[in-house]
$ cat structure-v4.csv   # CSV, C-alpha atoms
chain,number,residue,atom,x,y,z
A,1,MET,CA,-71.6,-69.8,26.9
A,2,PRO,CA,-74.3,-67.1,26.6
A,3,ASP,CA,-77.9,-68.4,26.5
A,4,ALA,CA,-79.6,-68.2,23.1
A,5,ARG,CA,-82.9,-68.5,21.3
A,6,PHE,CA,-83.7,-69.4,17.7
A,7,LEU,CA,-86.2,-67.9,15.3
A,8,THR,CA,-87.2,-69.1,11.8
A,9,TYR,CA,-88.3,-66.5,9.3
A,10,ASP,CA,-88.7,-67.1,5.5
A,11,GLY,CA,-87.0,-70.4,5.9
A,12,GLU,CA,-83.9,-69.0,7.7
A,13,LYS,CA,-83.0,-70.1,11.2
A,14,ILE,CA,-81.7,-67.1,13.1
A,15,ARG,CA,-79.7,-67.5,16.4
A,16,ILE,CA,-80.2,-64.7,18.9
A,17,GLU,CA,-77.7,-64.4,21.8
A,18,LEU,CA,-79.4,-63.3,25.0
A,19,LEU,CA,-77.6,-60.8,27.3
A,20,PRO,CA,-79.4,-60.7,30.6
A,21,ARG,CA,-79.4,-57.3,32.5
A,22,SER,CA,-80.5,-56.8,36.1
A,23,ARG,CA,-80.1,-53.0,36.0
A,24,PRO,CA,-83.4,-51.1,36.9
A,25,GLY,CA,-85.1,-49.6,33.9
A,26,THR,CA,-83.5,-51.9,31.4
A,27,THR,CA,-85.8,-52.6,28.4
A,28,LEU,CA,-85.7,-55.5,25.9
A,29,VAL,CA,-83.6,-54.4,23.0
A,30,VAL,CA,-82.6,-56.4,19.9
A,31,LYS,CA,-79.4,-55.5,18.0
A,32,VAL,CA,-78.2,-56.9,14.6
A,33,HIS,CA,-74.5,-56.3,14.1
A,34,PRO,CA,-72.6,-55.9,10.8
A,35,ASP,CA,-70.8,-59.2,11.4
A,36,LEU,CA,-74.3,-60.8,11.3
A,37,ARG,CA,-74.5,-61.6,15.0
A,38,VAL,CA,-77.9,-61.0,16.6
A,39,GLN,CA,-78.1,-60.1,20.3
A,40,ALA,CA,-81.0,-59.3,22.7
A,41,ILE,CA,-80.5,-57.3,25.9
A,42,VAL,CA,-83.1,-58.8,28.2
A,43,PRO,CA,-84.2,-57.7,31.6
A,44,SER,CA,-83.5,-60.5,34.0
A,45,ASP,CA,-87.1,-60.9,35.2
A,46,THR,CA,-88.6,-61.2,31.7
A,47,PRO,CA,-91.0,-64.2,31.6
A,48,GLU,CA,-90.2,-66.7,28.8
A,49,GLU,CA,-93.6,-66.2,27.2
A,50,LYS,CA,-93.0,-62.5,27.0
A,51,LEU,CA,-89.5,-63.0,25.6
A,52,GLN,CA,-90.7,-65.3,22.9
A,53,GLN,CA,-93.5,-62.9,21.9
A,54,ALA,CA,-91.1,-59.9,21.7
A,55,LEU,CA,-88.6,-61.8,19.6
A,56,GLY,CA,-91.3,-63.1,17.3
A,57,GLN,CA,-92.5,-59.6,16.8
A,58,LYS,CA,-89.0,-58.6,15.8
A,59,ALA,CA,-88.4,-61.5,13.4
A,60,ARG,CA,-89.1,-59.7,10.2
A,61,TRP,CA,-87.0,-56.7,11.2
A,62,ILE,CA,-84.1,-59.0,12.2
A,63,TRP,CA,-84.3,-60.9,8.9
A,64,GLN,CA,-84.3,-57.6,6.9
A,65,LYS,CA,-81.3,-56.2,8.8
A,66,LEU,CA,-79.4,-59.5,8.2
A,67,ARG,CA,-80.3,-59.3,4.5
A,68,ASP,CA,-79.1,-55.7,4.3
A,69,PHE,CA,-75.8,-56.4,6.0
A,70,ARG,CA,-75.2,-59.4,3.6
A,71,GLN,CA,-75.8,-57.2,0.6
A,72,ILE,CA,-73.3,-54.7,1.9
A,73,GLN,CA,-70.7,-57.4,2.5
A,74,ALA,CA,-71.1,-58.6,-1.0
A,75,HIS,CA,-69.9,-55.2,-2.3
A,76,VAL,CA,-67.0,-54.7,0.2
A,77,THR,CA,-63.7,-55.3,-1.6
A,78,PRO,CA,-61.0,-57.0,0.4
A,79,ARG,CA,-58.1,-54.6,1.1
A,80,ASP,CA,-54.7,-55.0,-0.7
A,81,TYR,CA,-53.4,-51.6,0.5
A,82,ALA,CA,-52.2,-50.7,-3.0
A,83,SER,CA,-52.5,-47.6,-5.1
A,84,GLY,CA,-55.9,-47.1,-6.6
A,85,GLU,CA,-57.9,-48.4,-3.7
A,86,SER,CA,-60.5,-46.1,-2.0
A,87,HIS,CA,-60.7,-45.5,1.7
A,88,PHE,CA,-63.3,-43.6,3.6
A,89,TYR,CA,-62.7,-40.4,5.7
A,90,LEU,CA,-65.5,-38.3,7.0
A,91,GLY,CA,-68.0,-40.0,4.7
A,92,ARG,CA,-66.1,-39.5,1.5
A,93,ARG,CA,-64.0,-42.0,-0.5
A,94,HIS,CA,-60.4,-41.0,-1.0
A,95,LEU,CA,-58.0,-42.8,-3.5
A,96,LEU,CA,-54.9,-44.3,-1.9
A,97,LYS,CA,-51.5,-43.6,-3.4
A,98,VAL,CA,-48.5,-45.5,-2.1
A,99,HIS,CA,-45.0,-44.2,-2.7
A,100,HIS,CA,-42.1,-46.6,-2.2
A,101,GLN,CA,-39.3,-44.4,-0.8
A,102,PRO,CA,-36.7,-46.5,1.1
A,103,ASP,CA,-34.6,-43.6,2.2
A,104,GLN,CA,-37.4,-41.2,3.3
A,105,PRO,CA,-39.4,-41.0,6.5
A,106,GLU,CA,-42.7,-43.0,6.4
A,107,THR,CA,-45.7,-40.6,6.3
A,108,VAL,CA,-49.4,-40.5,5.7
A,109,ARG,CA,-51.1,-37.3,4.5
A,110,MET,CA,-54.2,-36.1,2.8
A,111,LEU,CA,-53.3,-34.3,-0.4
A,112,ARG,CA,-55.8,-32.9,-2.9
A,113,GLY,CA,-58.4,-35.5,-1.8
A,114,ARG,CA,-56.0,-38.4,-2.0
A,115,LEU,CA,-54.4,-40.4,0.8
A,116,GLU,CA,-50.7,-40.3,0.1
A,117,ILE,CA,-48.6,-42.9,1.9
A,118,SER,CA,-44.8,-43.0,1.8
A,119,VAL,CA,-43.3,-46.3,2.9
A,120,GLN,CA,-39.7,-47.7,3.1
A,121,THR,CA,-40.9,-51.2,2.4
A,122,ARG,CA,-43.9,-51.9,0.1
A,123,GLN,CA,-45.7,-54.4,2.4
A,124,ALA,CA,-49.4,-54.4,2.9
A,125,VAL,CA,-49.1,-55.0,6.6
A,126,ARG,CA,-46.9,-51.9,7.0
A,127,ILE,CA,-49.2,-49.7,4.9
A,128,ARG,CA,-52.2,-50.9,6.9
A,129,ALA,CA,-50.4,-50.1,10.2
A,130,LEU,CA,-49.5,-46.6,9.1
A,131,LEU,CA,-53.0,-46.0,7.8
A,132,SER,CA,-54.5,-47.2,11.1
A,133,LEU,CA,-52.3,-44.8,13.1
A,134,TRP,CA,-53.3,-42.0,10.8
A,135,TYR,CA,-57.0,-42.8,11.3
A,136,PHE,CA,-56.4,-43.0,15.1
A,137,ASP,CA,-54.8,-39.6,15.2
A,138,ARG,CA,-57.4,-38.0,13.0
A,139,ALA,CA,-60.2,-39.6,15.1
A,140,GLN,CA,-58.8,-38.2,18.3
A,141,ALA,CA,-58.8,-34.6,16.9
A,142,VAL,CA,-62.2,-34.9,15.1
A,143,PHE,CA,-64.0,-36.4,18.0
A,144,GLN,CA,-62.7,-33.8,20.4
A,145,ARG,CA,-63.9,-31.1,18.1
A,146,ARG,CA,-67.3,-32.7,17.7
A,147,ILE,CA,-67.8,-33.2,21.4
A,148,ASP,CA,-67.0,-29.5,21.9
A,149,ALA,CA,-69.6,-28.7,19.2
A,150,MET,CA,-72.3,-30.9,20.9
A,151,LEU,CA,-71.8,-29.7,24.5
A,152,PRO,CA,-73.8,-26.5,24.2
A,153,SER,CA,-76.8,-28.6,23.4
A,154,THR,CA,-76.4,-31.0,26.3
A,155,LEU,CA,-76.8,-28.7,29.3
A,156,TRP,CA,-76.8,-31.5,31.8
A,157,VAL,CA,-73.1,-32.1,31.0
A,158,MET,CA,-71.3,-29.9,33.5
A,159,GLN,CA,-67.8,-30.9,32.6
A,160,LYS,CA,-66.3,-32.2,29.3
A,161,PRO,CA,-66.1,-36.0,29.6
A,162,ALA,CA,-62.9,-37.9,29.2
A,163,LEU,CA,-62.5,-39.5,25.7
A,164,LYS,CA,-61.0,-42.9,25.0
A,165,LEU,CA,-60.5,-44.5,21.6
A,166,GLN,CA,-60.9,-48.2,21.2
A,167,VAL,CA,-61.4,-50.4,18.2
A,168,MET,CA,-64.6,-52.4,18.8
A,169,ARG,CA,-66.2,-55.0,16.6
A,170,THR,CA,-69.9,-54.2,17.3
A,171,GLN,CA,-70.1,-50.8,18.8
A,172,TRP,CA,-69.4,-47.2,17.7
A,173,GLY,CA,-69.3,-46.0,21.2
A,174,ASN,CA,-70.2,-46.5,24.9
A,175,CYS,CA,-70.3,-44.5,28.1
A,176,SER,CA,-68.9,-46.0,31.3
A,177,PRO,CA,-70.6,-45.6,34.7
A,178,GLY,CA,-67.8,-43.1,35.6
A,179,GLY,CA,-68.6,-40.9,32.6
A,180,VAL,CA,-65.8,-41.8,30.3
A,181,ILE,CA,-66.9,-41.9,26.6
A,182,THR,CA,-65.3,-44.5,24.4
A,183,LEU,CA,-65.5,-44.1,20.6
A,184,ASN,CA,-64.5,-46.4,17.9
A,185,PRO,CA,-61.7,-44.8,15.7
A,186,HIS,CA,-63.3,-46.3,12.6
A,187,LEU,CA,-66.2,-43.9,13.2
A,188,VAL,CA,-64.0,-41.1,11.7
A,189,LYS,CA,-64.7,-42.7,8.3
A,190,ALA,CA,-68.4,-41.8,8.6
A,191,PRO,CA,-70.0,-38.5,7.8
A,192,ARG,CA,-69.9,-35.8,10.4
A,193,ASP,CA,-73.6,-36.0,11.1
A,194,CYS,CA,-73.2,-39.7,11.9
A,195,ILE,CA,-70.3,-38.9,14.2
A,196,ASP,CA,-72.4,-36.3,16.0
A,197,TYR,CA,-75.2,-38.9,16.4
A,198,VAL,CA,-73.0,-41.3,18.2
A,199,ILE,CA,-71.5,-38.6,20.4
A,200,VAL,CA,-75.0,-37.2,21.3
A,201,HIS,CA,-76.1,-40.8,22.1
A,202,GLU,CA,-73.3,-41.2,24.6
A,203,LEU,CA,-73.7,-37.7,26.0
A,204,CYS,CA,-77.4,-38.6,26.6
A,205,HIS,CA,-76.2,-41.6,28.6
A,206,LEU,CA,-74.5,-39.2,31.1
A,207,ARG,CA,-78.1,-38.3,32.1
A,208,GLU,CA,-80.1,-41.4,31.3
A,209,HIS,CA,-78.1,-44.5,31.9
A,210,ASN,CA,-80.4,-47.0,30.0
A,211,HIS,CA,-82.5,-47.0,26.8
A,212,GLY,CA,-85.8,-46.2,28.5
A,213,PRO,CA,-88.4,-43.7,27.2
A,214,ALA,CA,-86.7,-40.8,28.9
A,215,PHE,CA,-83.5,-41.5,27.0
A,216,TRP,CA,-85.2,-41.5,23.5
A,217,GLN,CA,-87.1,-38.4,24.4
A,218,LEU,CA,-83.8,-36.7,25.2
A,219,MET,CA,-82.3,-37.9,21.9
A,220,ASP,CA,-85.3,-36.6,20.0
A,221,ARG,CA,-85.0,-33.2,21.7
A,222,ILE,CA,-81.2,-32.8,21.1
A,223,MET,CA,-81.1,-34.3,17.6
A,224,PRO,CA,-84.6,-34.7,16.1
A,225,ASP,CA,-83.2,-36.4,12.9
A,226,TRP,CA,-81.0,-38.9,14.8
A,227,GLU,CA,-82.8,-41.9,13.3
A,228,ARG,CA,-81.8,-40.9,9.7
A,229,HIS,CA,-78.1,-40.7,10.7
A,230,LYS,CA,-78.3,-44.0,12.6
A,231,ALA,CA,-79.8,-45.7,9.5
A,232,HIS,CA,-77.0,-44.4,7.3
A,233,LEU,CA,-74.4,-45.6,9.8
A,234,ASP,CA,-76.0,-49.0,9.9
A,235,ARG,CA,-76.1,-49.3,6.1
A,236,MET,CA,-72.4,-48.4,5.8
A,237,ALA,CA,-71.1,-50.1,8.9
A,238,GLU,CA,-69.5,-53.0,7.1
A,239,ALA,CA,-67.6,-50.6,4.7
A,240,PHE,CA,-66.5,-48.3,7.5
A,241,LEU,CA,-65.3,-51.2,9.7
A,242,VAL,CA,-63.1,-52.7,7.1
A,243,SER,CA,-59.5,-52.3,8.4

$ encode --input "structure-v4.csv" --output "structure tokens"
Amino acid sequence: MPDARFLTYDGEKIRIELLPRSRPGTTLVVKVHPDLRVQAIVPSDTPEEKLQQALGQKARWIWQKLRDFRQIQAHVTPRDYASGESHFYLGRRHLLKVHHQPDQPETVRMLRGRLEISVQTRQAVRIRALLSLWYFDRAQAVFQRRIDAMLPSTLWVMQKPALKLQVMRTQWGNCSPGGVITLNPHLVKAPRDCIDYVIVHELCHLREHNHGPAFWQLMDRIMPDWERHKAHLDRMAEAFLVS
């Protein structure tokens, strides 16, 4: 069971899961996830007094992020996978139209701004599976194109990195020590600028392996407005991550 600390702000008791890191250059970073979990990446040699001080300074920010995510959750409609629902793709909502065609191949396609799904059996679980496969295929193609578009700006990347897709609960992407970039297929629901932000973030990790000052300087140089795109992605995370 991971270690944890608790903060109280505005009468709310907030649990913060601690994730110790021994890697050189690691800085203390607090993350608030759309599922309302709060985590702190903490250098292993951080004194308790300094840890408590750092978390206390972040208390208001943590509380505000939790409040924002709760407000988003309140407006996220559970999915029935029926005609008339809206589903995101590249930052835009598209109406879902389900066709029950027992004798026809099952297909998903974008047609005149609508997501048209033909199914042999009108079952939500089947429609969800088909839509998930469609998103996965679209994500593979879109992410490859956007990586190609970002590479001319990241001159330290000598060879196009391998791309892996993986559904993740709390991450849009990560970069392995071996240089493999993993992206969350749900990210294809976000606007292109948000996708580019995540890709640039991971490409920067190919040069700077931690979130030290040099990493953020590199982000600022390659994408000066990255914070705006990150903020939009954070605000919409709950809606984009709905299956």

$ atom_distance --input "structure-v4.csv" --atom1 "CA of Lys164 (chain A)" --atom2 "CA of His229 (chain A)"
22.4 Å

$ closest_residue --input "structure-v4.csv" --among "A:Ala237, A:Ala149, A:Val198, A:Cys175" --to "Val32 (chain A)" --atoms "all atoms listed in the file"
A:Ala237

$ residues_around --input "structure-v4.csv" --residues "Asp103 (chain A)" --least-positions-apart "2" --cutoff "9 Å" --atoms "only C-alpha atoms" --output "ChimeraX atom specification"
/A:101,105,120

$ closest_residue --input "structure-v4.csv" --among "A:Glu85, A:Asn210, A:Thr8, A:Ala239" --to "Val29 (chain A)" --atoms "only C-alpha atoms"
A:Asn210

$ closest_residue --input "structure-v4.csv" --among "A:Pro102, A:Gly173, A:Pro34, A:Pro213" --to "Leu187 (chain A)" --atoms "all atoms listed in the file"
A:Gly173

$ decode --input "structure-v4.csv" --residues "region 155-181 of chain A" --atoms "N, CA and C atoms" --output "mmCIF file, in the first residue's frame"
data_model
loop_
_atom_site.group_PDB
_atom_site.id
_atom_site.type_symbol
_atom_site.label_atom_id
_atom_site.label_comp_id
_atom_site.auth_asym_id
_atom_site.auth_seq_id
_atom_site.Cartn_x
_atom_site.Cartn_y
_atom_site.Cartn_z
ATOM 1 N N LEU A 155 14.839 18.722 -32.876
ATOM 2 C CA LEU A 155 16.028 18.335 -33.621
ATOM 3 C C LEU A 155 16.895 17.298 -32.905
ATOM 4 N N TRP A 156 16.692 17.123 -31.605
ATOM 5 C CA TRP A 156 17.474 16.116 -30.875
ATOM 6 C C TRP A 156 16.975 14.689 -31.152
ATOM 7 N N VAL A 157 15.792 14.548 -31.745
ATOM 8 C CA VAL A 157 15.246 13.224 -32.065
ATOM 9 C C VAL A 157 15.805 12.820 -33.427
ATOM 10 N N MET A 158 16.752 11.894 -33.413
ATOM 11 C CA MET A 158 17.443 11.508 -34.641
ATOM 12 C C MET A 158 16.674 10.477 -35.449
ATOM 13 N N GLN A 159 15.798 9.730 -34.790
ATOM 14 C CA GLN A 159 15.027 8.681 -35.453
ATOM 15 C C GLN A 159 13.608 8.682 -34.906
ATOM 16 N N LYS A 160 12.641 8.534 -35.777
ATOM 17 C CA LYS A 160 11.247 8.546 -35.329
ATOM 18 C C LYS A 160 11.028 7.458 -34.279
ATOM 19 N N PRO A 161 10.513 7.818 -33.107
ATOM 20 C CA PRO A 161 10.338 6.830 -32.042
ATOM 21 C C PRO A 161 9.204 5.853 -32.345
ATOM 22 N N ALA A 162 9.327 4.677 -31.769
ATOM 23 C CA ALA A 162 8.251 3.696 -31.883
ATOM 24 C C ALA A 162 7.034 4.197 -31.108
ATOM 25 N N LEU A 163 5.849 3.927 -31.628
ATOM 26 C CA LEU A 163 4.601 4.362 -31.012
ATOM 27 C C LEU A 163 3.798 3.156 -30.551
ATOM 28 N N LYS A 164 3.289 3.262 -29.328
ATOM 29 C CA LYS A 164 2.433 2.217 -28.757
ATOM 30 C C LYS A 164 1.164 2.894 -28.255
ATOM 31 N N LEU A 165 0.024 2.238 -28.443
ATOM 32 C CA LEU A 165 -1.237 2.744 -27.909
ATOM 33 C C LEU A 165 -1.675 1.889 -26.727
ATOM 34 N N GLN A 166 -2.097 2.551 -25.676
ATOM 35 C CA GLN A 166 -2.552 1.830 -24.487
ATOM 36 C C GLN A 166 -3.556 2.691 -23.732
ATOM 37 N N VAL A 167 -4.716 2.119 -23.427
ATOM 38 C CA VAL A 167 -5.701 2.840 -22.624
ATOM 39 C C VAL A 167 -5.161 2.956 -21.202
ATOM 40 N N MET A 168 -5.116 4.188 -20.704
ATOM 41 C CA MET A 168 -4.604 4.457 -19.360
ATOM 42 C C MET A 168 -5.609 5.305 -18.597
ATOM 43 N N ARG A 169 -5.740 5.051 -17.327
ATOM 44 C CA ARG A 169 -6.728 5.767 -16.511
ATOM 45 C C ARG A 169 -6.283 7.183 -16.177
ATOM 46 N N THR A 170 -4.984 7.391 -16.011
ATOM 47 C CA THR A 170 -4.528 8.665 -15.460
ATOM 48 C C THR A 170 -3.473 9.357 -16.302
ATOM 49 N N GLN A 171 -3.120 8.822 -17.458
ATOM 50 C CA GLN A 171 -2.082 9.419 -18.282
ATOM 51 C C GLN A 171 -2.538 9.544 -19.731
ATOM 52 N N TRP A 172 -2.095 10.611 -20.368
ATOM 53 C CA TRP A 172 -2.302 10.747 -21.802
ATOM 54 C C TRP A 172 -1.148 10.134 -22.566
ATOM 55 N N GLY A 173 0.022 10.074 -21.939
ATOM 56 C CA GLY A 173 1.168 9.500 -22.619
ATOM 57 C C GLY A 173 2.321 9.273 -21.673
ATOM 58 N N ASN A 174 3.295 8.492 -22.114
ATOM 59 C CA ASN A 174 4.547 8.352 -21.394
ATOM 60 C C ASN A 174 5.638 7.932 -22.365
ATOM 61 N N CYS A 175 6.870 8.054 -21.904
ATOM 62 C CA CYS A 175 8.035 7.724 -22.719
ATOM 63 C C CYS A 175 8.904 6.765 -21.930
ATOM 64 N N SER A 176 9.167 5.602 -22.475
ATOM 65 C CA SER A 176 9.954 4.587 -21.776
ATOM 66 C C SER A 176 11.440 4.937 -21.833
ATOM 67 N N PRO A 177 12.244 4.362 -20.932
ATOM 68 C CA PRO A 177 13.698 4.598 -20.985
ATOM 69 C C PRO A 177 14.301 4.203 -22.334
ATOM 70 N N GLY A 178 13.667 3.248 -23.024
ATOM 71 C CA GLY A 178 14.155 2.825 -24.330
ATOM 72 C C GLY A 178 13.690 3.696 -25.481
ATOM 73 N N GLY A 179 12.898 4.736 -25.173
ATOM 74 C CA GLY A 179 12.481 5.676 -26.209
ATOM 75 C C GLY A 179 11.181 5.351 -26.892
ATOM 76 N N VAL A 180 10.400 4.408 -26.355
ATOM 77 C CA VAL A 180 9.089 4.097 -26.934
ATOM 78 C C VAL A 180 8.059 5.060 -26.353
ATOM 79 N N ILE A 181 7.314 5.717 -27.229
ATOM 80 C CA ILE A 181 6.261 6.630 -26.793
ATOM 81 C C ILE A 181 4.929 5.892 -26.764
#
